[in-house]
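S.K.: Just coords-v8.txt, nothing more (compact mmCIF, C-alpha atoms):
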# COMPACT_ATOMS: atom_id res chain seq x y z
CA MET A 1 123.57 131.33 122.53
CA GLN A 2 120.85 133.57 121.13
CA ALA A 3 120.92 133.88 117.35
CA ILE A 4 121.99 137.29 116.06
CA LYS A 5 118.93 137.53 113.82
CA ASP A 6 116.67 136.99 116.84
CA PHE A 7 118.42 139.81 118.72
CA VAL A 8 118.24 142.22 115.77
CA PHE A 9 114.74 141.56 114.56
CA ASN A 10 112.98 140.18 117.61
CA PRO A 11 114.20 142.17 120.61
CA GLU A 12 110.80 142.02 122.28
CA ARG A 13 109.17 138.62 122.13
CA LYS A 14 106.43 137.16 124.29
CA ILE A 15 105.37 133.55 124.01
CA ILE A 16 101.58 133.42 123.85
CA LYS A 17 101.17 129.66 123.75
CA GLU A 18 102.92 126.42 122.87
CA PHE A 19 101.48 123.50 120.93
CA VAL A 20 102.56 120.47 118.92
CA CYS A 21 102.10 120.96 115.18
CA ASP A 22 99.74 118.41 113.62
CA GLY A 23 101.76 118.48 110.39
CA CYS A 24 105.39 118.01 111.50
CA GLY A 25 104.99 116.97 115.13
CA GLU A 26 107.37 119.71 116.36
CA LEU A 27 106.81 121.92 119.42
CA VAL A 28 105.67 125.33 118.16
CA GLN A 29 105.85 128.58 120.12
CA GLN A 30 103.29 131.16 119.08
CA THR A 31 105.09 134.42 119.77
CA GLU A 32 104.04 138.05 119.92
CA MET A 33 106.75 140.51 118.91
CA ILE A 34 107.30 144.20 118.11
CA ILE A 35 108.53 144.91 114.60
CA PRO A 36 111.78 146.83 115.18
CA ILE A 37 112.42 148.33 111.72
CA GLY A 38 110.76 149.24 108.46
CA PRO A 39 107.42 150.94 107.69
CA LEU A 40 105.65 148.78 110.29
CA LYS A 41 108.15 149.61 113.02
CA GLY A 42 106.54 149.48 116.47
CA LYS A 43 103.60 147.34 115.34
CA LYS A 44 102.79 144.06 117.03
CA THR A 45 102.81 140.83 115.04
CA ILE A 46 102.38 137.16 115.84
CA ALA A 47 104.64 134.46 114.44
CA ASP A 48 105.07 130.72 114.99
CA TYR A 49 108.54 129.40 115.79
CA GLY A 50 109.59 125.76 115.63
CA CYS A 51 107.27 124.48 112.88
CA LYS A 52 109.12 122.40 110.26
CA CYS A 53 106.22 121.96 107.81
CA GLU A 54 107.68 124.30 105.19
CA ASP A 55 111.09 122.62 105.42
CA ILE A 56 109.52 119.16 105.09
CA GLN A 57 107.43 120.27 102.10
CA LEU A 58 110.51 121.77 100.44
CA VAL A 59 112.45 118.53 100.90
CA LYS A 60 109.49 116.54 99.56
CA GLU A 61 109.18 118.75 96.48
CA THR A 62 112.93 118.54 95.88
CA MET A 63 112.86 114.73 96.08
CA GLU A 64 109.81 114.53 93.79
CA GLN A 65 111.49 116.78 91.23
CA ALA A 66 114.65 114.68 91.37
CA LYS A 67 112.56 111.56 90.74
CA LYS A 68 110.79 113.23 87.80
CA ASN A 69 114.14 114.27 86.32
CA LYS A 70 115.41 110.69 86.65
CA ILE A 71 112.29 109.33 84.96
CA LYS A 72 112.72 111.83 82.11
CA ARG A 73 116.32 110.70 81.67
CA LEU A 74 115.22 107.07 81.54
CA HIS A 75 112.53 107.94 79.01
CA ARG A 76 115.25 109.37 76.78
CA ILE A 77 117.25 106.15 77.15
CA PHE A 78 114.16 104.04 76.50
CA ASP A 79 113.00 106.17 73.58
CA HIS A 80 109.61 104.83 72.51
CA ASN A 81 110.48 104.66 68.82
CA SER A 82 113.75 102.84 69.43
CA LEU A 83 112.03 100.00 71.25
CA ILE A 84 109.61 98.90 68.56
CA ASN A 85 110.37 96.99 65.40
CA LYS A 86 110.78 98.91 62.17
CA SER A 87 107.56 97.39 60.83
CA LEU A 88 105.62 98.97 63.72
CA LYS A 89 106.99 102.51 63.34
CA THR A 90 103.98 103.48 61.21
CA ALA A 91 101.45 101.42 63.17
CA THR A 92 98.29 103.38 63.94
CA PHE A 93 94.58 102.59 64.08
CA ARG A 94 94.23 104.21 60.66
CA THR A 95 96.86 101.99 59.05
CA TYR A 96 95.38 98.76 60.44
CA LYS A 97 93.01 97.26 57.87
CA PRO A 98 91.30 94.26 59.47
CA PRO A 99 90.95 91.38 56.99
CA THR A 100 88.01 89.82 58.87
CA SER A 101 84.97 91.06 60.75
CA ASP A 102 86.28 89.49 63.98
CA LEU A 103 89.50 91.49 63.74
CA GLY A 104 87.42 94.55 62.89
CA GLU A 105 85.51 94.11 66.14
CA ALA A 106 88.80 93.73 68.03
CA LYS A 107 90.04 96.98 66.49
CA ILE A 108 86.85 98.79 67.57
CA LYS A 109 87.23 97.49 71.14
CA LEU A 110 90.83 98.70 71.33
CA MET A 111 89.96 102.09 69.85
CA GLU A 112 87.29 102.42 72.53
CA TYR A 113 89.84 101.41 75.19
CA ALA A 114 92.17 104.20 74.04
CA LYS A 115 89.32 106.71 73.89
CA GLU A 116 88.06 105.93 77.40
CA PHE A 117 91.46 105.30 78.98
CA LYS A 118 91.90 106.38 82.60
CA LYS A 119 95.21 105.61 84.24
CA ASP A 120 93.63 104.82 87.59
CA GLU A 121 90.59 102.92 86.31
CA SER A 122 91.25 101.16 82.98
CA SER A 123 91.63 97.39 83.03
CA ASN A 124 94.52 95.31 81.78
CA LEU A 125 94.22 93.71 78.35
CA LEU A 126 95.53 90.40 77.04
CA LEU A 127 95.56 90.27 73.24
CA VAL A 128 95.60 86.64 72.16
CA GLY A 129 96.05 85.44 68.60
CA ASP A 130 98.28 83.75 66.09
CA TYR A 131 101.28 85.33 64.38
CA GLY A 132 100.54 88.29 62.15
CA VAL A 133 96.94 89.10 63.15
CA GLY A 134 97.91 92.59 64.31
CA LYS A 135 98.24 92.30 68.09
CA SER A 136 101.42 94.34 68.30
CA HIS A 137 100.20 96.78 65.64
CA LEU A 138 97.08 97.64 67.63
CA ALA A 139 98.97 97.75 70.95
CA VAL A 140 101.38 100.30 69.46
CA ALA A 141 98.42 102.21 68.00
CA ILE A 142 96.96 102.53 71.51
CA THR A 143 100.21 103.95 72.90
CA LYS A 144 100.48 106.47 70.06
CA GLU A 145 96.89 107.58 70.55
CA LEU A 146 97.38 108.03 74.29
CA MET A 147 100.76 109.77 74.09
CA GLN A 148 99.14 112.47 71.97
CA LYS A 149 96.95 113.15 75.02
CA GLY A 150 99.93 113.37 77.36
CA VAL A 151 99.60 109.84 78.74
CA THR A 152 102.99 108.22 79.46
CA CYS A 153 103.45 104.85 77.74
CA LEU A 154 106.20 102.29 77.35
CA PHE A 155 106.23 99.45 74.80
CA LEU A 156 108.68 96.58 75.34
CA SER A 157 108.82 93.08 73.93
CA VAL A 158 109.78 90.40 76.44
CA PRO A 159 113.10 89.66 74.65
CA LYS A 160 114.07 93.36 74.62
CA LEU A 161 113.07 93.77 78.26
CA LEU A 162 115.24 90.86 79.34
CA THR A 163 118.10 92.06 77.14
CA LYS A 164 117.91 95.53 78.73
CA ILE A 165 118.05 93.99 82.20
CA ARG A 166 121.01 91.77 81.32
CA GLN A 167 122.86 94.77 79.87
CA THR A 168 122.81 96.46 83.27
CA TYR A 169 124.94 93.68 84.75
CA SER A 170 127.96 94.98 82.84
CA GLY A 171 127.83 98.23 84.81
CA ASN A 172 128.41 100.31 81.66
CA THR A 173 124.85 101.25 80.72
CA GLY A 174 124.32 104.44 82.71
CA PHE A 175 121.25 102.87 84.33
CA ASN A 176 120.64 99.83 86.47
CA GLU A 177 118.00 97.14 86.88
CA ALA A 178 116.14 99.14 89.52
CA ASP A 179 115.94 102.08 87.09
CA ILE A 180 114.24 99.85 84.51
CA LEU A 181 111.68 98.60 87.03
CA ASN A 182 111.07 102.14 88.30
CA LEU A 183 110.41 103.34 84.76
CA ILE A 184 108.04 100.44 84.06
CA GLU A 185 106.22 101.19 87.32
CA SER A 186 106.00 104.92 86.63
CA VAL A 187 104.32 104.95 83.21
CA ASP A 188 100.55 105.27 82.90
CA LEU A 189 100.35 102.38 80.42
CA PHE A 190 102.86 99.59 79.89
CA VAL A 191 102.75 97.20 76.93
CA LEU A 192 104.54 93.87 77.33
CA ASP A 193 104.69 92.36 73.86
CA ASP A 194 105.36 88.75 72.81
CA LEU A 195 104.72 87.25 76.22
CA GLY A 196 105.80 83.61 76.22
CA THR A 197 107.98 83.91 73.16
CA GLU A 198 111.22 81.90 72.99
CA TYR A 199 113.44 84.00 75.23
CA THR A 200 115.40 81.42 77.21
CA ASN A 201 117.69 78.48 76.55
CA LEU A 202 117.00 75.06 77.88
CA ARG A 203 118.93 75.63 81.09
CA LYS A 204 116.71 75.55 84.18
CA ASP A 205 118.58 78.45 85.78
CA ASP A 206 117.69 80.70 82.83
CA ASP A 207 114.01 79.84 83.15
CA ASN A 208 114.10 80.58 86.88
CA TRP A 209 115.80 83.94 86.26
CA THR A 210 113.26 84.87 83.58
CA HIS A 211 110.32 83.90 85.80
CA THR A 212 111.74 86.01 88.63
CA LYS A 213 112.21 89.05 86.40
CA LEU A 214 108.73 88.71 84.95
CA PHE A 215 107.24 88.49 88.43
CA GLU A 216 109.07 91.69 89.46
CA VAL A 217 107.69 93.47 86.40
CA LEU A 218 104.15 92.17 86.93
CA ASP A 219 104.31 93.04 90.62
CA SER A 220 105.47 96.58 89.87
CA ARG A 221 102.43 97.07 87.61
CA SER A 222 99.91 95.87 90.19
CA GLY A 223 96.83 98.12 89.97
CA LYS A 224 98.12 99.94 86.87
CA PRO A 225 96.88 99.38 83.30
CA THR A 226 99.03 96.95 81.34
CA ILE A 227 98.56 95.39 77.91
CA TYR A 228 99.99 91.96 77.14
CA THR A 229 100.19 90.23 73.77
CA THR A 230 100.79 86.54 73.16
CA ASN A 231 100.32 83.89 70.50
CA LEU A 232 100.08 81.09 73.07
CA THR A 233 97.04 79.33 74.49
CA GLY A 234 96.28 79.53 78.20
CA GLU A 235 97.95 76.19 78.95
CA GLN A 236 100.99 77.03 76.85
CA LEU A 237 101.32 80.41 78.55
CA LYS A 238 101.01 78.81 81.98
CA GLU A 239 103.81 76.40 81.12
CA LYS A 240 105.99 79.14 79.67
CA VAL A 241 105.69 81.89 82.33
CA ASN A 242 104.68 79.60 85.27
CA SER A 243 101.38 79.53 87.15
CA ARG A 244 102.27 82.26 89.67
CA ASN A 245 103.13 84.78 86.96
CA LEU A 246 100.05 83.88 84.93
CA SER A 247 97.82 84.31 87.97
CA ARG A 248 99.31 87.72 88.71
CA MET A 249 99.02 88.71 85.04
CA MET A 250 95.33 87.75 84.78
CA ASP A 251 94.28 89.79 87.83
CA GLY A 252 91.88 92.42 86.48
CA THR A 253 92.70 91.52 82.87
CA GLU A 254 90.25 91.41 79.96
CA VAL A 255 91.05 88.88 77.24
CA ILE A 256 90.56 89.94 73.62
CA GLU A 257 90.86 87.10 71.13
CA MET A 258 92.12 88.04 67.69
CA GLU A 259 91.47 85.28 65.18
CA GLY A 260 92.23 85.67 61.51
CA PRO A 261 94.79 85.21 58.73
CA ASP A 262 98.38 86.43 58.95
CA TYR A 263 98.06 90.17 58.28
CA ARG A 264 101.67 90.41 57.17
CA MET A 265 101.10 87.79 54.46
CA ARG A 266 98.13 89.55 52.82
CA GLY A 267 100.19 90.76 49.84
CA PHE A 268 101.81 87.34 49.34
CA ARG A 269 98.46 85.54 49.19
CA LYS A 270 97.38 87.75 46.32
Kindly return the structure encoded in the file as structure tokens.
M.R.:
Amino acid sequence: MQAIKDFVFNPERKIIKEFVCDGCGELVQQTEMIIPIGPLKGKKTIADYGCKCEDIQLVKETMEQAKKNKIKRLHRIFDHNSLINKSLKTATFRTYKPPTSDLGEAKIKLMEYAKEFKKDESSNLLLVGDYGVGKSHLAVAITKELMQKGVTCLFLSVPKLLTKIRQTYSGNTGFNEADILNLIESVDLFVLDDLGTEYTNLRKDDDNWTHTKLFEVLDSRSGKPTIYTTNLTGEQLKEKVNSRNLSRMMDGTEVIEMEGPDYRMRGFRK
């Protein structure tokens, strides 16, 4: 049956040609018609019928907006300031006072990294050093610097990441494991703090679960800038996270060694 709108507005139509649209793949009829009403009544016009490009674009935009809204909701759940320790709330480049020249050079390198950061080009970083040298402090400082420029960042310690994932298994969190991985994948810069810290018991099943979750996180960040911090040596890290995860983590990663005294103990030593 002919649509009423076609009868009312297109009483005189002549198909000029038919072709398959390159965009949507639908058969399109290029039609000449006489405008039946309005100020242009009686004038000829040409219109294409059958093309679905606008509909497809509208659906695409709607889906993209829905995804953005979901990411915004997850950002509120994973509020940046709620995920870092109280001692790091005031961490900035300005508040980091390197006690040695080596740590001063590390600070300069990381300031340069933040200054030149490009979400599609910047390398990964692995900050290696003993407890208290300022690895987490400087990693947080980078995220704060970048967020002021509109760069999306997420800072998570390994224990908090695994805790967040385990919480989803209760079904009462308002988000699920896939949401966490989607958020980690979506941010421009992800910081994974305390890699290799004591986050499992001695049960083999727990280690296997942790290794699997870490691989999923590392895999989701493939090709996207990520900063890792650890106080372990290469061999210790390999044993802790397993060789497959370490190999994936070191792909495109620059190592910055931070050697020096415990920054947190500077007042005590005096």
S.K.: Dump as a PyMOL selection string all residues having an atom at most 8 Å from (102.6, 93.3, 67.8), computed in the file's coordinates with all atoms listed in the file.
M.R.: chain A and resi 88+132+134-140+193-194+229
S.K.: Can you tell me, as a PyMOL selection string, what residues are no more than 7 Å from stretch 177-179 of chain A when counting all atoms listed in the file, ignoring any on the same chain fewer than 4 positions away?
M.R.: chain A and resi 165+168+183
S.K.: So, with all atoms listed in the file as the atoms that count, which of A:Thr173, A:Thr143, A:Gln236, A:Ser243 lies closest to A:Leu192?
M.R.: A:Thr143
S.K.: I'd like to know which of A:Thr233, A:Thr226, A:Thr163, A:Asn245 is closest to A:Ser122, using all atoms listed in the file.
M.R.: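 Of A:Thr233, A:Thr226, A:Thr163, A:Asn245, the one nearest A:Ser122, counting all atoms listed in the file, is A:Thr226.
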S.K.: Which polymer residues have any atom within 7 Å of an atom of A:Leu127, counting all atoms listed in the file, with same-chain residues fewer than 2 positions away left out, as an MDAnalysis selection string?
M.R.: chainID A and resid 125 129 135 228:230 255:258
S.K.: Determine the axis-aligned bounding box of all atoms of stretch 137-151 of chain A present in the file, pad each side by 3 Å, and express its centre and edge lengths in Å to one decimal place as JSON.
M.R.:
{"center_x": 99.1, "center_y": 105.1, "center_z": 72.2, "size_x": 10.5, "size_y": 22.6, "size_z": 19.1}
S.K.: Counting all atoms listed in the file, figure out which residue out of A:Leu181, A:Ile56, A:Val28, A:Met147 gets nearest to A:Lys115.
M.R.: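 Among the listed residues, A:Met147 lies closest to A:Lys115.
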S.K.: For a test of reading the model, state the distance in Å between atom CA of A:Val151 and atom CA of A:Arg166, rounded to one decimal.
M.R.: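 Atom-to-atom, atom CA of A:Val151 to atom CA of A:Arg166, that is 28.1 Å.
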S.K.: What does the distance from atom CA of A:Val187 to atom CA of A:Gly223 come to in Å, to one decimal?
M.R.: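 Between atom CA of A:Val187 and atom CA of A:Gly223 the gap works out to 12.2 Å.
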S.K.: I need the residue nearest A:Glu18 from this list: A:Gly150, A:Gly50, A:Gly252, A:Gly196. Use all atoms listed in the file for the distance.
M.R.: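 Comparing A:Gly150, A:Gly50, A:Gly252, A:Gly196 against A:Glu18, the winner is A:Gly50.
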S.K.: Have a look at A:Ser157, A:Pro225, A:Arg13, A:Ser186 and name the one nearest to A:Pro36; count all atoms listed in the file.
M.R.: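 Of the candidates, the smallest distance to A:Pro36 is held by A:Arg13.
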S.K.: Within 6 Å of A:Asp188, counting all atoms listed in the file, which residues qualify if same-chain residues fewer than 4 places away don't, as a PyMOL selection string?
M.R.: chain A and resi 119+152-153
S.K.: Restricting the output to C-alpha atoms, write the selected residues as a PDB file, keeping the file's coordinate frame.
M.R.:
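Output (result-v9.pdb):
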ATOM      1  CA  LYS A 119      95.210 105.610  84.240  1.00  0.00           C
ATOM      2  CA  THR A 152     102.990 108.220  79.460  1.00  0.00           C
ATOM      3  CA  CYS A 153     103.450 104.850  77.740  1.00  0.00           C
TER       4      CYS A 153
END
S.K.: Taking all atoms listed in the file into account, which of A:Val241, A:Ile184, A:Leu189, A:Cys53 comes nearest A:Asn208?
M.R.: A:Val241
S.K.: Could you tell me how far atom CA of A:Lys52 sits from atom CA of A:Ile34, in Å to one decimal place?
M.R.: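 Those two atoms sit 23.2 Å apart.
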S.K.: Which residues, written as a compact mmCIF listing (two decimals) with C-alpha atoms, in the coordinates of the input, have at least one atom at most 7 Å from stretch 95-110 of chain A, with all atoms listed in the file counted and residues fewer than 3 positions away on the same chain left out?
M.R.:
# COMPACT_ATOMS: atom_id res chain seq x y z
CA ALA A 91 101.45 101.42 63.17
CA THR A 92 98.29 103.38 63.94
CA TYR A 113 89.84 101.41 75.19
CA ALA A 114 92.17 104.20 74.04
CA ILE A 256 90.56 89.94 73.62
CA MET A 258 92.12 88.04 67.69
CA GLU A 259 91.47 85.28 65.18
CA GLY A 260 92.23 85.67 61.51
S.K.: Please rebuild stretch 164-175 of chain A with all heavy atoms and return the result as a PDB file, in the coordinates of the input.
M.R.:
ATOM      1  N   LYS A 164     117.601  94.274  78.028  1.00  0.00           N
ATOM      2  CA  LYS A 164     117.910  95.530  78.730  1.00  0.00           C
ATOM      3  C   LYS A 164     118.369  95.246  80.164  1.00  0.00           C
ATOM      4  O   LYS A 164     119.306  95.871  80.659  1.00  0.00           O
ATOM      5  CB  LYS A 164     116.688  96.446  78.741  1.00  0.00           C
ATOM      6  CG  LYS A 164     116.381  97.131  77.421  1.00  0.00           C
ATOM      7  CD  LYS A 164     117.388  98.229  77.133  1.00  0.00           C
ATOM      8  CE  LYS A 164     116.996  99.019  75.895  1.00  0.00           C
ATOM      9  NZ  LYS A 164     118.015 100.052  75.564  1.00  0.00           N
ATOM     10  N   ILE A 165     117.682  94.318  80.826  1.00  0.00           N
ATOM     11  CA  ILE A 165     118.050  93.990  82.200  1.00  0.00           C
ATOM     12  C   ILE A 165     119.442  93.361  82.244  1.00  0.00           C
ATOM     13  O   ILE A 165     120.284  93.716  83.077  1.00  0.00           O
ATOM     14  CB  ILE A 165     117.009  93.051  82.836  1.00  0.00           C
ATOM     15  CG1 ILE A 165     115.680  93.794  83.030  1.00  0.00           C
ATOM     16  CG2 ILE A 165     117.512  92.530  84.188  1.00  0.00           C
ATOM     17  CD1 ILE A 165     114.553  92.915  83.549  1.00  0.00           C
ATOM     18  N   ARG A 166     119.697  92.423  81.351  1.00  0.00           N
ATOM     19  CA  ARG A 166     121.010  91.770  81.320  1.00  0.00           C
ATOM     20  C   ARG A 166     122.121  92.776  81.036  1.00  0.00           C
ATOM     21  O   ARG A 166     123.237  92.649  81.560  1.00  0.00           O
ATOM     22  CB  ARG A 166     121.021  90.661  80.263  1.00  0.00           C
ATOM     23  CG  ARG A 166     120.227  89.417  80.652  1.00  0.00           C
ATOM     24  CD  ARG A 166     120.448  88.317  79.639  1.00  0.00           C
ATOM     25  NE  ARG A 166     119.610  87.151  79.868  1.00  0.00           N
ATOM     26  CZ  ARG A 166     119.878  86.169  80.729  1.00  0.00           C
ATOM     27  NH1 ARG A 166     120.987  86.238  81.454  1.00  0.00           N
ATOM     28  NH2 ARG A 166     119.075  85.145  80.866  1.00  0.00           N
ATOM     29  N   GLN A 167     121.843  93.768  80.206  1.00  0.00           N
ATOM     30  CA  GLN A 167     122.860  94.770  79.870  1.00  0.00           C
ATOM     31  C   GLN A 167     123.325  95.532  81.102  1.00  0.00           C
ATOM     32  O   GLN A 167     124.473  95.971  81.171  1.00  0.00           O
ATOM     33  CB  GLN A 167     122.304  95.754  78.825  1.00  0.00           C
ATOM     34  CG  GLN A 167     122.214  95.185  77.423  1.00  0.00           C
ATOM     35  CD  GLN A 167     121.528  96.151  76.459  1.00  0.00           C
ATOM     36  OE1 GLN A 167     120.946  97.168  76.870  1.00  0.00           O
ATOM     37  NE2 GLN A 167     121.595  95.849  75.174  1.00  0.00           N
ATOM     38  N   THR A 168     122.441  95.693  82.076  1.00  0.00           N
ATOM     39  CA  THR A 168     122.810  96.460  83.270  1.00  0.00           C
ATOM     40  C   THR A 168     123.864  95.754  84.092  1.00  0.00           C
ATOM     41  O   THR A 168     124.567  96.389  84.885  1.00  0.00           O
ATOM     42  CB  THR A 168     121.583  96.737  84.165  1.00  0.00           C
ATOM     43  OG1 THR A 168     121.094  95.494  84.702  1.00  0.00           O
ATOM     44  CG2 THR A 168     120.471  97.416  83.393  1.00  0.00           C
ATOM     45  N   TYR A 169     123.989  94.437  83.941  1.00  0.00           N
ATOM     46  CA  TYR A 169     124.940  93.680  84.750  1.00  0.00           C
ATOM     47  C   TYR A 169     126.384  93.995  84.394  1.00  0.00           C
ATOM     48  O   TYR A 169     127.293  93.697  85.169  1.00  0.00           O
ATOM     49  CB  TYR A 169     124.679  92.184  84.606  1.00  0.00           C
ATOM     50  CG  TYR A 169     123.296  91.745  85.071  1.00  0.00           C
ATOM     51  CD1 TYR A 169     122.748  90.544  84.665  1.00  0.00           C
ATOM     52  CD2 TYR A 169     122.539  92.555  85.915  1.00  0.00           C
ATOM     53  CE1 TYR A 169     121.485  90.140  85.084  1.00  0.00           C
ATOM     54  CE2 TYR A 169     121.278  92.174  86.336  1.00  0.00           C
ATOM     55  CZ  TYR A 169     120.749  90.957  85.914  1.00  0.00           C
ATOM     56  OH  TYR A 169     119.505  90.576  86.328  1.00  0.00           O
ATOM     57  N   SER A 170     126.601  94.603  83.224  1.00  0.00           N
ATOM     58  CA  SER A 170     127.960  94.980  82.840  1.00  0.00           C
ATOM     59  C   SER A 170     128.437  96.214  83.585  1.00  0.00           C
ATOM     60  O   SER A 170     129.634  96.474  83.694  1.00  0.00           O
ATOM     61  CB  SER A 170     128.024  95.250  81.331  1.00  0.00           C
ATOM     62  OG  SER A 170     127.305  96.440  81.009  1.00  0.00           O
ATOM     63  N   GLY A 171     127.484  97.018  84.084  1.00  0.00           N
ATOM     64  CA  GLY A 171     127.830  98.230  84.810  1.00  0.00           C
ATOM     65  C   GLY A 171     128.200  99.394  83.911  1.00  0.00           C
ATOM     66  O   GLY A 171     128.637 100.441  84.396  1.00  0.00           O
ATOM     67  N   ASN A 172     127.998  99.249  82.595  1.00  0.00           N
ATOM     68  CA  ASN A 172     128.410 100.310  81.660  1.00  0.00           C
ATOM     69  C   ASN A 172     127.232 100.936  80.916  1.00  0.00           C
ATOM     70  O   ASN A 172     127.410 101.559  79.867  1.00  0.00           O
ATOM     71  CB  ASN A 172     129.384  99.720  80.620  1.00  0.00           C
ATOM     72  CG  ASN A 172     130.634  99.162  81.263  1.00  0.00           C
ATOM     73  OD1 ASN A 172     131.173  99.756  82.193  1.00  0.00           O
ATOM     74  ND2 ASN A 172     131.087  98.007  80.784  1.00  0.00           N
ATOM     75  N   THR A 173     126.031 100.795  81.447  1.00  0.00           N
ATOM     76  CA  THR A 173     124.850 101.250  80.720  1.00  0.00           C
ATOM     77  C   THR A 173     124.392 102.655  81.102  1.00  0.00           C
ATOM     78  O   THR A 173     123.630 103.273  80.379  1.00  0.00           O
ATOM     79  CB  THR A 173     123.679 100.285  80.943  1.00  0.00           C
ATOM     80  OG1 THR A 173     123.431 100.183  82.353  1.00  0.00           O
ATOM     81  CG2 THR A 173     123.994  98.906  80.370  1.00  0.00           C
ATOM     82  N   GLY A 174     124.814 103.148  82.246  1.00  0.00           N
ATOM     83  CA  GLY A 174     124.320 104.440  82.710  1.00  0.00           C
ATOM     84  C   GLY A 174     122.997 104.331  83.450  1.00  0.00           C
ATOM     85  O   GLY A 174     122.446 105.319  83.924  1.00  0.00           O
ATOM     86  N   PHE A 175     122.457 103.128  83.541  1.00  0.00           N
ATOM     87  CA  PHE A 175     121.250 102.870  84.330  1.00  0.00           C
ATOM     88  C   PHE A 175     121.361 101.465  84.871  1.00  0.00           C
ATOM     89  O   PHE A 175     122.180 100.655  84.411  1.00  0.00           O
ATOM     90  CB  PHE A 175     119.979 103.043  83.484  1.00  0.00           C
ATOM     91  CG  PHE A 175     119.933 102.190  82.249  1.00  0.00           C
ATOM     92  CD1 PHE A 175     119.366 100.927  82.266  1.00  0.00           C
ATOM     93  CD2 PHE A 175     120.466 102.651  81.052  1.00  0.00           C
ATOM     94  CE1 PHE A 175     119.327 100.133  81.126  1.00  0.00           C
ATOM     95  CE2 PHE A 175     120.430 101.870  79.907  1.00  0.00           C
ATOM     96  CZ  PHE A 175     119.858 100.613  79.940  1.00  0.00           C
TER      97      PHE A 175
END
